[in-house]
$ cat start_28.cif   # mmCIF, C-alpha atoms
data_structure
#
loop_
_atom_site.label_atom_id
_atom_site.label_comp_id
_atom_site.auth_asym_id
_atom_site.auth_seq_id
_atom_site.Cartn_x
_atom_site.Cartn_y
_atom_site.Cartn_z
CA MET K 1137 110.29 133.62 66.20
CA ALA K 1138 108.98 136.77 67.84
CA ILE K 1139 108.40 136.42 71.56
CA GLU K 1140 105.32 138.07 73.02
CA THR K 1141 106.14 140.57 75.74
CA GLY K 1142 102.80 142.10 76.68
CA ALA K 1143 102.30 145.72 75.65
CA ALA K 1144 105.56 145.79 73.69
CA LYS K 1145 104.11 143.13 71.39
CA ALA K 1146 101.44 145.66 70.32
CA SER K 1147 104.06 148.11 69.02
CA ILE K 1148 105.12 149.15 65.53
CA ALA K 1149 108.81 149.61 64.72
CA VAL K 1150 109.21 152.31 62.06
CA ASP K 1151 112.40 152.70 60.04
CA VAL K 1152 112.40 156.50 59.72
CA MET K 1153 115.64 156.77 57.73
CA GLY K 1154 114.76 155.06 54.44
CA SER K 1155 112.36 157.56 52.86
CA ASP K 1156 113.11 159.53 49.69
CA LEU K 1157 111.37 162.48 51.37
CA GLY K 1158 113.47 162.30 54.52
CA PRO K 1159 112.73 161.26 58.11
CA GLY K 1160 110.69 164.40 58.79
CA GLU K 1161 107.90 163.27 56.47
CA ILE K 1162 107.68 159.86 58.13
CA ILE K 1163 107.58 161.44 61.58
CA ALA K 1164 104.79 163.75 60.37
CA GLY K 1165 102.90 160.66 59.20
CA ILE K 1166 103.33 159.10 62.63
CA GLY K 1167 101.92 162.29 64.11
CA LEU K 1168 98.81 161.91 61.96
CA ALA K 1169 98.49 158.25 62.96
CA LEU K 1170 98.66 159.13 66.65
CA LYS K 1171 95.54 161.24 66.16
CA SER K 1172 93.59 158.70 64.12
CA LEU K 1173 94.65 155.49 65.91
CA ASN K 1174 93.44 155.94 69.46
CA HIS K 1175 94.28 152.58 71.06
CA LEU K 1176 96.65 150.54 68.91
CA PRO K 1177 99.55 150.39 68.61
CA LYS K 1178 100.59 150.87 72.21
CA GLN K 1179 103.83 152.41 70.99
CA PHE K 1180 105.56 153.62 67.85
CA VAL K 1181 109.27 152.82 68.03
CA LEU K 1182 111.11 155.25 65.76
CA VAL K 1183 114.33 153.61 64.55
CA GLY K 1184 117.13 155.78 63.23
CA ASP K 1185 119.98 158.13 64.07
CA GLU K 1186 118.80 159.89 67.24
CA THR K 1187 120.93 162.95 66.52
CA ILE K 1188 118.87 163.46 63.35
CA ILE K 1189 115.41 162.30 64.37
CA GLY K 1190 115.42 163.81 67.88
CA PRO K 1191 115.04 167.43 66.71
CA LEU K 1192 112.44 166.35 64.11
CA ILE K 1193 110.37 164.61 66.77
CA GLN K 1194 110.59 167.74 68.89
CA ALA K 1195 109.56 169.94 65.96
CA GLU K 1196 106.51 167.74 65.44
CA GLY K 1197 105.58 168.18 69.11
CA LEU K 1198 105.98 164.48 69.93
CA SER K 1199 108.98 164.49 72.29
CA ASP K 1200 106.93 163.76 75.41
CA HIS K 1201 104.22 161.68 73.80
CA PRO K 1202 103.65 158.47 75.83
CA ARG K 1203 103.27 156.35 72.68
CA ILE K 1204 106.56 157.46 71.14
CA ARG K 1205 110.02 156.11 71.85
CA THR K 1206 113.22 155.98 69.82
CA HIS K 1207 115.76 153.26 69.10
CA HIS K 1208 119.16 154.40 67.89
CA ALA K 1209 120.61 153.07 64.63
CA SER K 1210 123.76 154.71 63.30
CA GLU K 1211 123.65 153.42 59.70
CA VAL K 1212 121.34 153.70 56.69
CA ILE K 1213 121.01 151.23 53.81
CA ARG K 1214 120.83 153.17 50.54
CA MET K 1215 118.36 152.27 47.79
CA ASP K 1216 121.15 151.16 45.41
CA GLU K 1217 122.85 148.73 47.82
CA LYS K 1218 122.76 144.96 47.32
CA PRO K 1219 120.27 143.31 49.71
CA LEU K 1220 122.33 140.51 51.27
CA LYS K 1221 125.56 142.48 51.35
CA SER K 1222 123.88 145.48 52.99
CA ILE K 1223 122.19 143.37 55.67
CA LYS K 1224 125.50 141.72 56.57
CA SER K 1225 127.74 144.81 56.38
CA LYS K 1226 125.39 147.31 58.03
CA LYS K 1227 124.26 145.52 61.16
CA ASP K 1228 123.45 148.85 62.86
CA SER K 1229 121.26 150.08 60.01
CA SER K 1230 117.74 151.29 60.71
CA ILE K 1231 116.20 148.45 58.63
CA VAL K 1232 118.13 145.74 60.47
CA ARG K 1233 117.48 147.21 63.92
CA ALA K 1234 113.75 147.60 63.20
CA ILE K 1235 113.49 143.96 62.08
CA GLU K 1236 115.40 142.84 65.17
CA LEU K 1237 112.88 144.61 67.39
CA VAL K 1238 110.21 142.33 65.94
CA LYS K 1239 112.42 139.28 66.33
CA GLU K 1240 113.09 140.13 69.98
CA GLY K 1241 109.40 140.72 70.75
CA GLU K 1242 109.77 144.49 71.22
CA ALA K 1243 107.39 145.12 68.34
CA GLN K 1244 104.86 143.15 66.33
CA VAL K 1245 105.15 144.99 63.00
CA VAL K 1246 108.00 146.69 61.14
CA LEU K 1247 107.33 149.42 58.56
CA SER K 1248 109.98 150.75 56.19
CA CYS K 1249 110.12 152.94 53.07
CA GLY K 1250 113.69 151.82 52.46
CA ASN K 1251 115.49 149.37 50.19
CA THR K 1252 112.90 146.72 49.23
CA GLY K 1253 115.39 143.92 48.67
CA SER K 1254 117.16 144.57 51.97
CA LEU K 1255 113.87 144.65 53.87
CA MET K 1256 112.74 141.36 52.31
CA ALA K 1257 116.11 139.68 52.77
CA GLY K 1258 116.44 140.91 56.35
CA GLY K 1259 112.89 139.92 57.22
CA THR K 1260 113.25 136.44 55.75
CA LEU K 1261 116.69 135.75 57.26
CA LYS K 1262 116.02 137.13 60.72
CA LEU K 1263 112.36 136.31 61.28
CA ARG K 1264 112.12 133.09 59.26
CA THR K 1265 108.91 131.68 57.89
CA ILE K 1266 105.96 130.33 59.87
CA PRO K 1267 106.04 126.51 60.17
CA GLY K 1268 104.32 125.04 57.11
CA ILE K 1269 105.39 127.94 54.86
CA SER K 1270 108.66 127.60 52.97
CA ARG K 1271 108.64 130.95 51.12
CA PRO K 1272 107.04 134.31 52.00
CA ALA K 1273 104.86 136.23 49.54
CA LEU K 1274 104.24 139.89 48.81
CA GLY K 1275 100.62 141.03 48.98
CA VAL K 1276 99.36 144.17 47.22
CA ILE K 1277 95.92 145.77 47.42
CA MET K 1278 94.57 146.78 44.02
CA PRO K 1279 91.47 148.77 42.98
CA ASN K 1280 88.62 147.88 40.66
CA GLN K 1281 85.65 150.08 39.81
CA THR K 1282 83.79 149.65 43.11
CA LYS K 1283 86.12 148.07 45.68
CA HIS K 1284 89.60 146.66 46.31
CA TRP K 1285 91.19 143.21 46.02
CA VAL K 1286 94.46 141.48 46.90
CA LEU K 1287 97.12 140.38 44.42
CA ILE K 1288 99.54 137.77 45.80
CA ASP K 1289 102.44 137.12 45.08
CA ALA K 1290 103.53 140.49 43.68
CA GLY K 1291 107.21 139.60 43.34
CA ALA K 1292 108.74 137.86 46.36
CA ASN K 1293 108.97 134.34 44.88
CA PRO K 1294 109.10 134.23 41.06
CA ASN K 1295 109.70 130.47 40.83
CA PRO K 1296 107.42 128.69 43.34
CA VAL K 1297 106.23 125.11 43.58
CA PRO K 1298 102.48 124.35 43.81
CA GLU K 1299 102.66 124.04 47.60
CA ASN K 1300 103.92 127.65 47.77
CA MET K 1301 100.85 128.72 45.83
CA VAL K 1302 98.61 127.05 48.41
CA SER K 1303 100.39 129.06 51.10
CA ASN K 1304 99.90 132.20 48.99
CA ALA K 1305 96.15 131.55 48.84
CA ILE K 1306 95.96 131.28 52.63
CA LEU K 1307 98.16 134.33 53.16
CA GLY K 1308 96.09 136.34 50.70
CA LYS K 1309 92.83 135.23 52.27
CA ASN K 1310 93.89 136.41 55.71
CA TYR K 1311 95.43 139.66 54.48
CA CYS K 1312 92.20 140.45 52.63
CA LYS K 1313 90.17 139.57 55.72
CA VAL K 1314 92.24 141.84 57.97
CA ALA K 1315 93.00 144.79 55.67
CA LEU K 1316 89.77 144.93 53.64
CA GLY K 1317 87.34 143.52 56.20
CA ILE K 1318 85.99 140.79 53.89
CA GLU K 1319 85.06 137.89 56.16
CA ASN K 1320 85.14 135.07 53.58
CA PRO K 1321 87.05 136.41 50.56
CA ARG K 1322 86.67 134.76 47.17
CA VAL K 1323 89.99 133.30 45.99
CA GLY K 1324 90.95 132.73 42.35
CA LEU K 1325 94.00 131.26 40.61
CA VAL K 1326 95.35 133.42 37.77
CA SER K 1327 95.49 131.39 34.56
CA ILE K 1328 94.78 131.66 30.81
CA GLY K 1329 91.31 130.13 31.04
CA THR K 1330 88.67 129.03 33.52
CA GLU K 1331 88.22 125.48 32.23
CA GLU K 1332 89.70 122.44 33.99
CA GLY K 1333 93.11 121.55 32.51
CA LYS K 1334 93.66 124.99 30.93
CA GLY K 1335 97.11 126.42 31.59
CA THR K 1336 100.46 124.82 32.45
CA ASP K 1337 101.03 121.64 34.45
CA PHE K 1338 102.06 123.92 37.31
CA ILE K 1339 98.66 125.67 37.25
CA THR K 1340 96.79 122.37 36.98
CA GLU K 1341 98.61 120.87 39.96
CA THR K 1342 98.09 124.05 42.01
CA HIS K 1343 94.38 124.01 41.13
CA GLN K 1344 94.01 120.44 42.37
CA LEU K 1345 95.76 121.25 45.64
CA LEU K 1346 93.58 124.31 46.23
CA LYS K 1347 90.45 122.21 45.72
CA LYS K 1348 91.66 119.86 48.46
CA LEU K 1349 91.45 122.71 50.99
CA GLY K 1350 87.64 122.51 50.92
CA ASP K 1351 85.96 125.12 53.10
CA LEU K 1352 89.27 126.41 54.48
CA ILE K 1353 89.29 128.93 51.64
CA ASN K 1354 86.47 130.17 49.41
CA TYR K 1355 88.15 128.93 46.23
CA ARG K 1356 86.41 129.92 42.98
CA GLY K 1357 88.81 128.20 40.57
CA PRO K 1358 91.01 129.57 37.79
CA ILE K 1359 90.42 133.12 36.54
CA GLU K 1360 91.59 135.05 33.50
CA GLY K 1361 93.32 138.42 33.49
CA PHE K 1362 90.26 140.49 32.61
CA GLN K 1363 88.42 139.05 35.63
CA LEU K 1364 90.87 140.73 38.01
CA PHE K 1365 88.99 143.99 37.58
CA ASN K 1366 85.33 142.92 37.35
CA ASP K 1367 84.77 141.82 40.97
CA THR K 1368 85.02 138.09 40.25
CA VAL K 1369 87.36 137.45 43.21
CA ASP K 1370 88.74 139.25 46.27
CA VAL K 1371 92.12 137.48 46.18
CA ALA K 1372 94.06 136.67 42.99
CA VAL K 1373 96.79 134.05 43.50
CA CYS K 1374 99.79 133.81 41.18
CA ASP K 1375 103.54 133.29 41.23
CA GLY K 1376 105.80 136.26 41.90
CA PHE K 1377 106.90 136.49 38.26
CA VAL K 1378 103.36 136.86 36.90
CA GLY K 1379 102.28 139.01 39.86
CA ASN K 1380 105.06 141.54 39.39
CA ILE K 1381 104.26 141.83 35.68
CA ILE K 1382 100.58 142.44 36.51
CA LEU K 1383 101.52 145.08 39.10
CA LYS K 1384 104.00 146.95 36.90
CA SER K 1385 101.69 146.75 33.87
CA CYS K 1386 98.84 148.28 35.87
CA GLU K 1387 101.12 151.07 37.11
CA GLY K 1388 102.25 151.81 33.57
CA LEU K 1389 98.73 151.68 32.15
CA LEU K 1390 97.41 154.06 34.82
CA SER K 1391 100.21 156.51 34.09
CA THR K 1392 99.51 156.32 30.35
CA LEU K 1393 95.76 156.82 30.76
CA THR K 1394 96.29 159.73 33.17
CA GLY K 1395 98.58 161.46 30.71
CA PHE K 1396 96.22 160.76 27.80
CA LEU K 1397 93.20 162.15 29.65
CA LYS K 1398 95.08 165.25 30.77
CA HIS K 1399 96.23 165.95 27.21
CA GLU K 1400 92.84 165.40 25.58
CA LEU K 1401 90.79 167.25 28.21
CA THR K 1402 92.94 170.37 27.93
CA ALA K 1403 93.24 170.35 24.14
CA ASN K 1404 90.79 173.23 23.62
CA PRO K 1405 88.46 175.53 25.62
CA VAL K 1406 85.36 173.39 25.00
CA ARG K 1407 87.02 170.27 26.38
CA LYS K 1408 88.37 172.24 29.34
CA MET K 1409 84.80 173.32 30.14
CA GLY K 1410 83.61 169.71 29.90
CA ALA K 1411 86.42 168.61 32.22
CA LEU K 1412 85.42 171.27 34.71
CA MET K 1413 81.81 170.09 34.65
CA SER K 1414 83.00 166.50 35.20
CA ARG K 1415 85.22 167.40 38.15
CA GLY K 1416 83.01 165.49 40.61
CA ALA K 1417 83.39 162.27 38.62
CA PHE K 1418 87.15 162.71 38.39
CA GLU K 1419 87.36 163.37 42.13
CA ALA K 1420 85.44 160.14 42.87
CA MET K 1421 87.83 158.25 40.59
CA LYS K 1422 90.80 159.84 42.31
CA GLN K 1423 89.53 158.74 45.72
CA GLN K 1424 89.13 155.15 44.51
CA LEU K 1425 92.60 155.06 42.97
CA ARG K 1426 94.55 157.16 45.48
CA PRO K 1427 97.68 155.30 46.62
CA GLU K 1428 97.70 156.70 50.18
CA ARG K 1429 94.74 154.53 51.19
CA TYR K 1430 96.63 151.22 50.99
CA ALA K 1431 100.16 152.51 50.85
CA ALA K 1432 102.16 149.51 52.05
CA ALA K 1433 102.66 145.94 50.88
CA PRO K 1434 103.26 143.22 53.48
CA LEU K 1435 105.78 140.41 53.16
CA LEU K 1436 103.49 137.66 54.44
CA GLY K 1437 104.30 134.32 56.01
CA LEU K 1438 107.03 135.34 58.46
CA ASN K 1439 107.26 135.13 62.25
CA GLY K 1440 106.32 138.78 62.54
CA ASP K 1441 104.71 141.31 60.22
CA VAL K 1442 106.84 143.22 57.70
CA LEU K 1443 105.36 146.15 55.75
CA LYS K 1444 107.04 147.89 52.80
CA ALA K 1445 105.88 151.40 51.89
CA HIS K 1446 106.92 153.19 48.71
CA GLY K 1447 110.13 155.19 48.99
CA SER K 1448 108.31 158.40 48.05
CA SER K 1449 105.43 157.90 50.50
CA ASN K 1450 104.17 161.20 51.90
CA ARG K 1451 102.80 161.67 55.42
CA PHE K 1452 99.29 160.62 54.40
CA ALA K 1453 100.61 157.42 52.84
CA ILE K 1454 102.56 156.70 56.04
CA GLU K 1455 99.38 157.24 58.07
CA GLY K 1456 97.59 154.76 55.77
CA ALA K 1457 100.38 152.20 56.14
CA LEU K 1458 100.32 152.52 59.93
CA THR K 1459 96.54 152.05 59.88
CA ILE K 1460 97.00 148.70 58.13
CA ALA K 1461 99.77 147.79 60.58
CA SER K 1462 97.46 148.52 63.51
CA GLU K 1463 94.85 146.18 61.99
CA PHE K 1464 97.47 143.43 61.87
CA ILE K 1465 97.89 143.89 65.62
CA ARG K 1466 94.21 144.30 66.46
CA LYS K 1467 93.09 141.22 64.55
CA ASP K 1468 96.27 139.20 65.25
CA MET K 1469 96.79 138.27 61.61
CA GLU K 1470 99.85 136.15 62.34
CA HIS K 1471 97.74 133.86 64.57
CA LEU K 1472 95.06 133.59 61.87
CA ILE K 1473 97.68 132.56 59.32
CA ARG K 1474 99.27 130.01 61.63
CA ASP K 1475 95.91 128.40 62.33
CA ASP K 1476 94.96 128.14 58.65
CA ILE K 1477 98.39 126.85 57.58
CA SER K 1478 98.20 124.12 60.22
CA LYS K 1479 94.77 123.08 58.92
CA SER K 1480 95.97 123.15 55.31
CA VAL K 1481 98.91 120.85 56.05
CA ALA K 1482 96.51 118.30 57.55
CA LEU K 1483 94.13 118.56 54.58
CA LEU K 1484 96.87 118.20 51.97
CA ASN K 1485 98.28 115.17 53.77
CA GLU K 1486 94.96 113.34 53.71
CA PRO K 1487 94.99 110.36 51.31
CA THR K 1488 93.32 111.06 47.97
CA GLU K 1489 90.13 109.09 47.37
CA VAL K 1490 90.32 106.75 44.40
#

$ encode --input "start_28.cif" --output "structure tokens"
Amino acid sequence: MAIETGAAKASIAVDVMGSDLGPGEIIAGIGLALKSLNHLPKQFVLVGDETIIGPLIQAEGLSDHPRIRTHHASEVIRMDEKPLKSIKSKKDSSIVRAIELVKEGEAQVVLSCGNTGSLMAGGTLKLRTIPGISRPALGVIMPNQTKHWVLIDAGANPNPVPENMVSNAILGKNYCKVALGIENPRVGLVSIGTEEGKGTDFITETHQLLKKLGDLINYRGPIEGFQLFNDTVDVAVCDGFVGNIILKSCEGLLSTLTGFLKHELTANPVRKMGALMSRGAFEAMKQQLRPERYAAAPLLGLNGDVLKAHGSSNRFAIEGALTIASEFIRKDMEHLIRDDISKSVALLNEPTEV
């Protein structure tokens, strides 16, 4: 469990070595965040090989910045390395050292663009789960036509029990509250129908447990796939197997539609003119869908906050990820989760009325 140590607790540990674009791009993103985030975090702790990142920090003009410090790590976990093996064999890697800073209370949040499996394995093994939560979950912010919503679990636990799904609902509620600013988010359970008893026994049992939470969450019942994108709920709860399929399917569909539109709109001069006249609409769509806005996915439910950014995140995506991390600190999301999990355990242990 992370130990609070005053100002150090309000720090973000950044693994600067795991990016596909190199440590310089991450450091540039930190530079942008320093300008946009005036008060929190108190410090950015840049974790990596100081012989490499030192000159890059200097080039960015951050060497003497009071909110910047470095923490040396001599090793890097590559993207193709096995999670558990890499965590055990590379104890001085930037991912491991960044996680340990959270464990030791030197930081509240860790952000990495590196090996996803290693970050999840290291976070789970070293930080452990909050009491009342047996498995962490991966939360992802997704767009619809007018706003954003949270998908949880997006792949951390593909084979949960119903009690894990209850934890996911609470984790998703609080992530949505902190990251999207929705005070009482609507929570739905992904299923194949909205009627009572529709779906598997697993879904039915999860549904009954979620109803027992009462006012602890704003539970709207089961939802179907098409309702994910029509503003029916703010948090969609599912197991990690279904969630990862939803996430990857959406990514593939977006890529297909983008390619289709580009091909059709440039097919002849008339269509090119129409595309030019519609540029404002396309720009608005681009702003709604742009990945930099919510560029990191948290592994929720641990004793400390772990954020995973995409390996190819540019400086603007890093700035967006650090903005979310600062909100975790400002609103003390871990405390909110602990409080709700404690209440949920009491509610689920109440005898069922006959």

$ closest_atom_pairs --input "start_28.cif" --of "region 1194-1306 of chain K" --to "region 1331-1352 of chain K" --cutoff "9 Å" --atoms "all atoms listed in the file" --output "CSV"
residue,atom,partner,partner_atom,distance
K:Val1297,CA,K:Phe1338,CA,7.6
K:Pro1298,CA,K:Thr1342,CA,4.8
K:Glu1299,CA,K:Thr1342,CA,7.2
K:Asn1300,CA,K:Thr1342,CA,9.0
K:Met1301,CA,K:Thr1342,CA,6.6
K:Val1302,CA,K:Leu1346,CA,6.1
K:Ala1305,CA,K:Leu1346,CA,8.1
K:Ile1306,CA,K:Leu1352,CA,8.5

$ atom_distance --input "start_28.cif" --atom1 "CA of Lys1221 (chain K)" --atom2 "CA of Lys1384 (chain K)"
26.3 Å

$ resolve_selection --input "start_28.cif" --expression "the PyMOL selection byres ((chain K and resi 1165) around 8)" --output "ChimeraX atom specification"
/K:1161-1164,1166-1169,1450-1455

$ closest_residue --input "start_28.cif" --among "K:Leu1247, K:Ile1223, K:Val1373, K:Val1152" --to "His1207 (chain K)" --atoms "all atoms listed in the file"
K:Val1152

$ resolve_selection --input "start_28.cif" --expression "the PyMOL selection byres ((chain K and resi 1328) around 8)" --output "PyMOL selection string"
chain K and resi 1326-1327+1329-1330+1334-1335+1359-1361

$ write_last_selection --input "start_28.cif" --atoms "C-alpha atoms" --output "CSV table (one decimal), in the coordinates of the input"
chain,number,residue,atom,x,y,z
K,1326,VAL,CA,95.4,133.4,37.8
K,1327,SER,CA,95.5,131.4,34.6
K,1329,GLY,CA,91.3,130.1,31.0
K,1330,THR,CA,88.7,129.0,33.5
K,1334,LYS,CA,93.7,125.0,30.9
K,1335,GLY,CA,97.1,126.4,31.6
K,1359,ILE,CA,90.4,133.1,36.5
K,1360,GLU,CA,91.6,135.0,33.5
K,1361,GLY,CA,93.3,138.4,33.5

$ resolve_selection --input "start_28.cif" --expression "the PyMOL selection byres ((chain K and resi 1256) around 12)" --output "number ranges by chain"
K: 1218-1220, 1222-1223, 1231-1232, 1235, 1246-1255, 1257-1265, 1271-1274, 1291-1293, 1433-1438, 1441-1444

$ atom_distance --input "start_28.cif" --atom1 "CA of Ile1318 (chain K)" --atom2 "CA of Asn1380 (chain K)"
24.0 Å

$ atom_distance --input "start_28.cif" --atom1 "CA of Leu1325 (chain K)" --atom2 "CA of Ile1353 (chain K)"
12.2 Å

$ residues_near_point --input "start_28.cif" --point "(99.0, 122.0, 55.8)" --cutoff "10 Å" --atoms "all atoms listed in the file" --output "MDAnalysis selection string"
chainID K and resid 1267:1269 1299 1302:1303 1349 1474:1486

$ closest_residue --input "start_28.cif" --among "K:Leu1389, K:Ala1234, K:Met1153, K:Ile1288" --to "Met1215 (chain K)" --atoms "only C-alpha atoms"
K:Met1153

$ closest_residue --input "start_28.cif" --among "K:Pro1321, K:Gly1440, K:Gly1308, K:Gly1416" --to "Gly1241 (chain K)" --atoms "all atoms listed in the file"
K:Gly1440

$ closest_residue --input "start_28.cif" --among "K:Leu1397, K:Ala1290, K:Pro1487, K:Gly1154" --to "Asp1216 (chain K)" --atoms "only C-alpha atoms"
K:Gly1154

$ closest_residue --input "start_28.cif" --among "K:His1208, K:Lys1226, K:Asn1174, K:Arg1203" --to "Thr1187 (chain K)" --atoms "all atoms listed in the file"
K:His1208

$ closest_residue --input "start_28.cif" --among "K:Asn1439, K:Asn1320, K:Ser1270, K:Ser1385" --to "Ile1473 (chain K)" --atoms "only C-alpha atoms"
K:Asn1439

$ residues_near_point --input "start_28.cif" --point "(111.8, 155.5, 47.2)" --cutoff "7 Å" --atoms "all atoms listed in the file" --output "list in words"
Ser1155, Asp1156, Cys1249, Gly1250, His1446, Gly1447 and Ser1448 of chain K
